[in-house]
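Okay, start.cif is below, mmCIF, C-alpha atoms:
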```cif
data_protein
#
loop_
_atom_site.label_atom_id
_atom_site.label_comp_id
_atom_site.auth_asym_id
_atom_site.auth_seq_id
_atom_site.Cartn_x
_atom_site.Cartn_y
_atom_site.Cartn_z
CA MET A 1 -23.78 -8.67 -19.79
CA ALA A 2 -24.40 -6.01 -22.44
CA LEU A 3 -24.69 -2.52 -20.99
CA PRO A 4 -25.89 0.72 -22.56
CA PRO A 5 -23.24 3.46 -22.93
CA ILE A 6 -22.18 4.62 -19.46
CA ALA A 7 -20.60 8.04 -19.17
CA THR A 8 -22.02 9.32 -15.87
CA GLU A 9 -22.82 8.06 -12.39
CA LEU A 10 -26.52 8.28 -13.26
CA ASP A 11 -25.95 6.06 -16.29
CA ALA A 12 -24.29 3.47 -14.05
CA ALA A 13 -27.08 3.67 -11.48
CA ASN A 14 -29.77 3.23 -14.12
CA ALA A 15 -27.95 0.26 -15.63
CA ALA A 16 -28.05 -1.39 -12.21
CA LEU A 17 -31.73 -0.61 -11.75
CA SER A 18 -32.51 -1.95 -15.21
CA LEU A 19 -30.82 -5.22 -14.27
CA ILE A 20 -33.40 -5.74 -11.51
CA GLY A 21 -36.37 -4.39 -13.46
CA VAL A 22 -36.67 -0.97 -11.78
CA THR A 23 -37.63 2.19 -13.69
CA ALA A 24 -34.71 4.48 -14.45
CA LEU A 25 -34.03 7.62 -12.43
CA SER A 26 -34.02 11.07 -13.98
CA SER A 27 -31.79 12.33 -11.14
CA PHE A 28 -30.42 11.21 -7.80
CA ASP A 29 -32.70 13.75 -6.10
CA GLU A 30 -35.94 11.99 -7.01
CA ALA A 31 -38.31 11.29 -4.13
CA ARG A 32 -38.23 7.55 -4.78
CA THR A 33 -36.96 4.62 -2.79
CA ALA A 34 -34.70 3.67 -5.70
CA ALA A 35 -32.93 7.04 -5.61
CA ARG A 36 -32.32 6.89 -1.87
CA VAL A 37 -31.06 3.31 -2.01
CA VAL A 38 -28.73 3.96 -4.96
CA VAL A 39 -27.22 7.03 -3.28
CA ARG A 40 -26.68 5.05 -0.07
CA HIS A 41 -24.79 2.24 -1.81
CA PHE A 42 -23.10 3.82 -4.83
CA GLY A 43 -19.88 5.19 -3.33
CA ILE A 44 -19.41 2.34 -0.87
CA ILE A 45 -19.63 -0.32 -3.57
CA ARG A 46 -17.40 1.63 -5.98
CA ASP A 47 -14.65 2.08 -3.39
CA SER A 48 -14.94 -1.51 -2.14
CA LEU A 49 -14.59 -2.88 -5.67
CA LEU A 50 -11.65 -0.59 -6.42
CA LYS A 51 -9.87 -1.84 -3.29
CA LYS A 52 -10.58 -5.47 -4.14
CA THR A 53 -7.85 -5.64 -6.78
CA ALA A 54 -5.12 -3.46 -8.29
CA TRP A 55 -7.10 -2.25 -11.30
CA ASN A 56 -4.78 -0.68 -13.88
CA PHE A 57 -7.02 2.31 -14.53
CA ALA A 58 -7.02 3.20 -10.82
CA THR A 59 -3.32 2.55 -10.14
CA ARG A 60 -0.69 5.23 -10.02
CA GLN A 61 2.76 5.77 -8.54
CA VAL A 62 3.12 8.84 -6.35
CA THR A 63 5.69 10.63 -4.27
CA VAL A 64 4.36 11.50 -0.84
CA PRO A 65 5.16 14.58 1.27
CA LEU A 66 6.70 14.32 4.71
CA ALA A 67 4.07 14.75 7.43
CA SER A 68 4.43 17.13 10.36
CA ILE A 69 3.85 14.41 12.97
CA PRO A 70 6.34 11.68 13.89
CA ALA A 71 6.12 8.08 12.78
CA ASP A 72 5.37 5.17 15.08
CA ALA A 73 8.36 3.10 16.14
CA PRO A 74 10.31 1.43 14.64
CA PHE A 75 9.90 3.71 11.62
CA ALA A 76 11.74 7.00 11.21
CA HIS A 77 9.49 8.94 8.81
CA ARG A 78 5.78 9.56 8.32
CA TYR A 79 4.40 10.60 4.94
CA LEU A 80 0.97 11.93 4.02
CA LEU A 81 -0.98 9.78 1.57
CA PRO A 82 -3.23 11.45 -1.05
CA ASP A 83 -6.88 12.08 -0.17
CA ASP A 84 -8.00 9.78 -2.99
CA CYS A 85 -5.80 6.87 -1.88
CA LEU A 86 -7.95 3.82 -1.21
CA ALA A 87 -5.13 1.28 -0.88
CA VAL A 88 -1.35 1.12 -0.82
CA ARG A 89 -0.34 -1.78 -3.05
CA SER A 90 3.44 -1.67 -2.69
CA VAL A 91 6.42 0.56 -2.01
CA PRO A 92 9.00 -0.28 -4.69
CA GLY A 93 12.32 -1.33 -3.21
CA LEU A 94 10.86 -2.12 0.21
CA GLU A 95 9.68 -5.37 1.74
CA ALA A 96 6.20 -5.54 3.27
CA ASP A 97 7.58 -5.25 6.80
CA GLU A 98 9.52 -2.08 5.93
CA TRP A 99 6.44 0.13 5.75
CA ALA A 100 3.00 0.44 7.28
CA VAL A 101 -0.18 2.39 6.65
CA VAL A 102 -1.64 4.19 9.67
CA SER A 103 -4.79 6.26 10.11
CA ALA A 104 -5.31 9.21 12.42
CA SER A 105 -7.88 11.95 13.01
CA GLY A 106 -9.08 14.32 15.70
CA PRO A 107 -12.62 14.35 17.14
CA ASP A 108 -13.81 16.84 14.53
CA ASP A 109 -11.29 16.11 11.79
CA PRO A 110 -11.59 13.79 8.79
CA LEU A 111 -9.66 10.53 8.72
CA VAL A 112 -6.13 11.02 7.37
CA ARG A 113 -3.91 8.17 6.20
CA TYR A 114 -0.13 8.08 6.45
CA LEU A 115 2.72 5.86 5.36
CA ASP A 116 5.34 5.08 8.02
CA THR A 117 8.75 3.86 6.85
CA ALA A 118 12.47 4.31 7.37
CA ALA A 119 12.91 5.15 3.68
CA GLU A 120 13.42 8.71 2.52
CA ALA A 121 11.21 10.14 -0.26
CA PRO A 122 9.63 6.77 -1.16
CA LEU A 123 7.63 6.14 -4.30
CA VAL A 124 4.28 4.53 -3.49
CA ASN A 125 2.00 2.43 -5.71
CA ILE A 126 -1.60 3.19 -4.78
CA THR A 127 -5.12 2.47 -5.87
CA ARG A 128 -6.94 5.77 -6.09
CA ARG A 129 -10.63 6.63 -5.98
CA VAL A 130 -11.87 7.12 -9.55
CA VAL A 131 -15.33 8.69 -9.46
CA ASP A 132 -15.86 9.37 -13.17
CA PRO A 133 -17.36 6.25 -14.81
CA ILE A 134 -16.01 7.24 -18.21
CA ARG A 135 -12.55 6.42 -16.84
CA TRP A 136 -13.51 2.97 -15.58
CA ASN A 137 -12.36 -0.26 -17.16
CA PRO A 138 -15.37 -1.80 -19.04
CA GLU A 139 -15.19 -4.99 -16.99
CA PHE A 140 -15.02 -3.01 -13.78
CA THR A 141 -18.14 -1.13 -14.92
CA GLU A 142 -20.06 -4.35 -15.56
CA ILE A 143 -19.11 -5.80 -12.18
CA PHE A 144 -19.95 -2.55 -10.41
CA VAL A 145 -23.37 -2.42 -12.06
CA ALA A 146 -24.09 -6.00 -10.96
CA ARG A 147 -22.92 -5.32 -7.39
CA LEU A 148 -25.04 -2.17 -7.18
CA ALA A 149 -28.04 -4.06 -8.54
CA GLU A 150 -27.52 -6.76 -5.92
CA ALA A 151 -27.38 -4.18 -3.12
CA CYS A 152 -30.47 -2.30 -4.34
CA ALA A 153 -32.68 -5.30 -5.13
CA PRO A 154 -33.92 -6.11 -1.59
CA GLN A 155 -35.39 -2.65 -1.02
CA CYS A 156 -36.28 -1.75 -4.59
CA THR A 157 -37.90 -5.02 -5.66
CA ARG A 158 -38.40 -7.10 -2.49
CA SER A 159 -37.10 -9.93 -4.66
CA ALA A 160 -34.42 -12.28 -3.38
CA SER A 161 -34.10 -13.85 -6.82
CA ALA A 162 -33.23 -10.50 -8.42
CA ALA A 163 -30.45 -9.95 -5.88
CA ASN A 164 -29.19 -13.51 -6.37
CA ARG A 165 -29.06 -13.12 -10.15
CA ALA A 166 -27.06 -9.90 -9.86
CA HIS A 167 -24.71 -11.49 -7.33
CA GLN A 168 -24.10 -14.43 -9.66
CA VAL A 169 -23.27 -12.13 -12.58
CA ALA A 170 -20.68 -10.23 -10.54
CA ALA A 171 -19.19 -13.35 -8.98
CA GLU A 172 -18.71 -15.00 -12.37
CA MET A 173 -17.11 -11.93 -13.95
CA LEU A 174 -14.64 -10.85 -11.25
CA PRO A 175 -12.01 -13.63 -11.57
CA GLU A 176 -11.75 -13.22 -15.35
CA ALA A 177 -11.64 -9.42 -15.03
CA LYS A 178 -8.74 -9.73 -12.57
CA ARG A 179 -6.84 -12.02 -14.94
CA ASN A 180 -7.39 -9.72 -17.91
CA ASP A 181 -6.33 -6.68 -15.92
CA ALA A 182 -3.16 -8.43 -14.73
CA ARG A 183 -2.24 -9.42 -18.31
CA GLU A 184 -2.38 -5.76 -19.33
CA ARG A 185 0.04 -4.69 -16.59
CA ALA A 186 3.68 -4.21 -17.54
CA PRO A 187 6.04 -6.67 -15.82
CA SER A 188 7.86 -3.75 -14.17
CA GLN A 189 4.62 -2.78 -12.47
CA ILE A 190 4.08 -6.19 -10.94
CA SER A 191 6.01 -6.37 -7.71
CA ARG A 192 4.37 -7.21 -4.42
CA THR A 193 0.67 -6.79 -3.79
CA THR A 194 -0.08 -5.97 -0.19
CA SER A 195 -3.69 -5.58 0.87
CA TRP A 196 -4.88 -2.44 2.61
CA ILE A 197 -5.99 -4.44 5.65
CA SER A 198 -2.77 -6.40 6.08
CA ALA A 199 -0.71 -3.23 5.67
CA ARG A 200 -2.48 -1.33 8.41
CA ARG A 201 -0.80 -1.08 11.77
CA ARG A 202 -2.83 -2.69 14.51
#
```

Structure rendered as structure tokens:
Amino acid sequence: MALPPIATELDAANAALSLIGVTALSSFDEARTAARVVVRHFGIIRDSLLKKTAWNFATRQVTVPLASIPADAPFAHRYLLPDDCLAVRSVPGLEADEWAVVSASGPDDPLVRYLDTAAEAPLVNITRRVVDPIRWNPEFTEIFVARLAEACAPQCTRSASAANRAHQVAAEMLPEAKRNDARERAPSQISRTTSWISARRR
């Protein structure tokens, strides 16, 4: 799927709309159904796709500060995860059962995510939220555009076939994109991959 140059969120949105035959937006504030639908889906689809795999461009290793609230048993320490952390992929040197991701918030407070573990000053491999499309992997960009087109098609075109075509494009590209991304990762970076859902404490 050949895309025009994409340097902004609006570029990405218009590439998705073009895929389903919808006129491009001049801004996200336009009083059009397409603008409202794109805004509704854009961030959700971006974050979901970022969490789906450990994309190299969105992966980083961080040290995390000790939190002021205690950890849940049996762990001894609770650490504050970065605001842009979408998924914890691994904690080098620890097995999957030696750490857990927990979420907490007050009635009027935003959701905050923590890492509970017995380890002191752990390094943590995370997938972070990358909002600037110019930093995205080209294959990620293509898949994102197709996913956004699929989500927007029902309301913007009333066409099931347009949504199905976009879905097929994304579905065909994702496995190859994952393989290519994995080949680019240094062997030292490939340890365990633990999904966000399986890591969460129930």

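With only C-alpha atoms as the basis for measurement, A:Asn125 is the residue among A:Asn125, A:Gln61, A:Ser68, A:Thr117 that approaches Val88 of chain A most closely.
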
Exercise: Leu50 of chain A partners within 8 Å, all atoms listed in the file, chain neighbours under 6 positions left out, as an mmCIF file with C-alpha atoms, in the coordinates of the input:
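Produced file selection_0.cif, reproduced below:
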```cif
data_model
loop_
_atom_site.group_PDB
_atom_site.id
_atom_site.type_symbol
_atom_site.label_atom_id
_atom_site.label_comp_id
_atom_site.auth_asym_id
_atom_site.auth_seq_id
_atom_site.Cartn_x
_atom_site.Cartn_y
_atom_site.Cartn_z
ATOM 1 C CA ALA A 58 -7.020 3.200 -10.820
ATOM 2 C CA LEU A 86 -7.950 3.820 -1.210
ATOM 3 C CA THR A 127 -5.120 2.470 -5.870
ATOM 4 C CA ARG A 128 -6.940 5.770 -6.090
ATOM 5 C CA ARG A 129 -10.630 6.630 -5.980
#
```

Legend entry - For Arg32 of chain A, the nearest of the candidates A:Cys156, A:Val64, A:Ala182, A:Val124, counting all atoms listed in the file: A:Cys156

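Closest approach to Lys52 of chain A from the set A:Phe144, A:Pro154, A:Ala121, A:Leu94 is made by A:Phe144, with distances taken over all atoms listed in the file.
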
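Of the residues listed (A:Lys51, A:Arg89, A:Arg158, A:Arg147), A:Arg147 shows the shortest atom-to-atom separation from Ala12 of chain A; distances use only C-alpha atoms.
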
Inset, instruction - Please identify all polymer residues within 10 Å of Asn137 of chain A, counting only C-alpha atoms, omitting same-chain residues fewer than 2 positions from it, and present them as a PyMOL selection string. - result: chain A and resi 55-58+133-135+139-142+177+181

Legend entry - Pairwise distance for atom CA of Ser48 of chain A and atom CA of Gln168 of chain A, rounded to one decimal in Å: 17.5 Å

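Atom CA of Ala171 of chain A lies 29.2 Å from atom CA of Val101 of chain A.
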
Inset, instruction - Could you check how far atom CA of Asp84 of chain A sits from atom CA of Ala104 of chain A, in Å to one decimal? - result: 15.7 Å

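Comparing the minimum interatomic distances between Ala13 of chain A and each of A:Ile143, A:Ala73, A:Val38, A:Cys152, counting all atoms listed in the file, we find that A:Val38 sits nearest.
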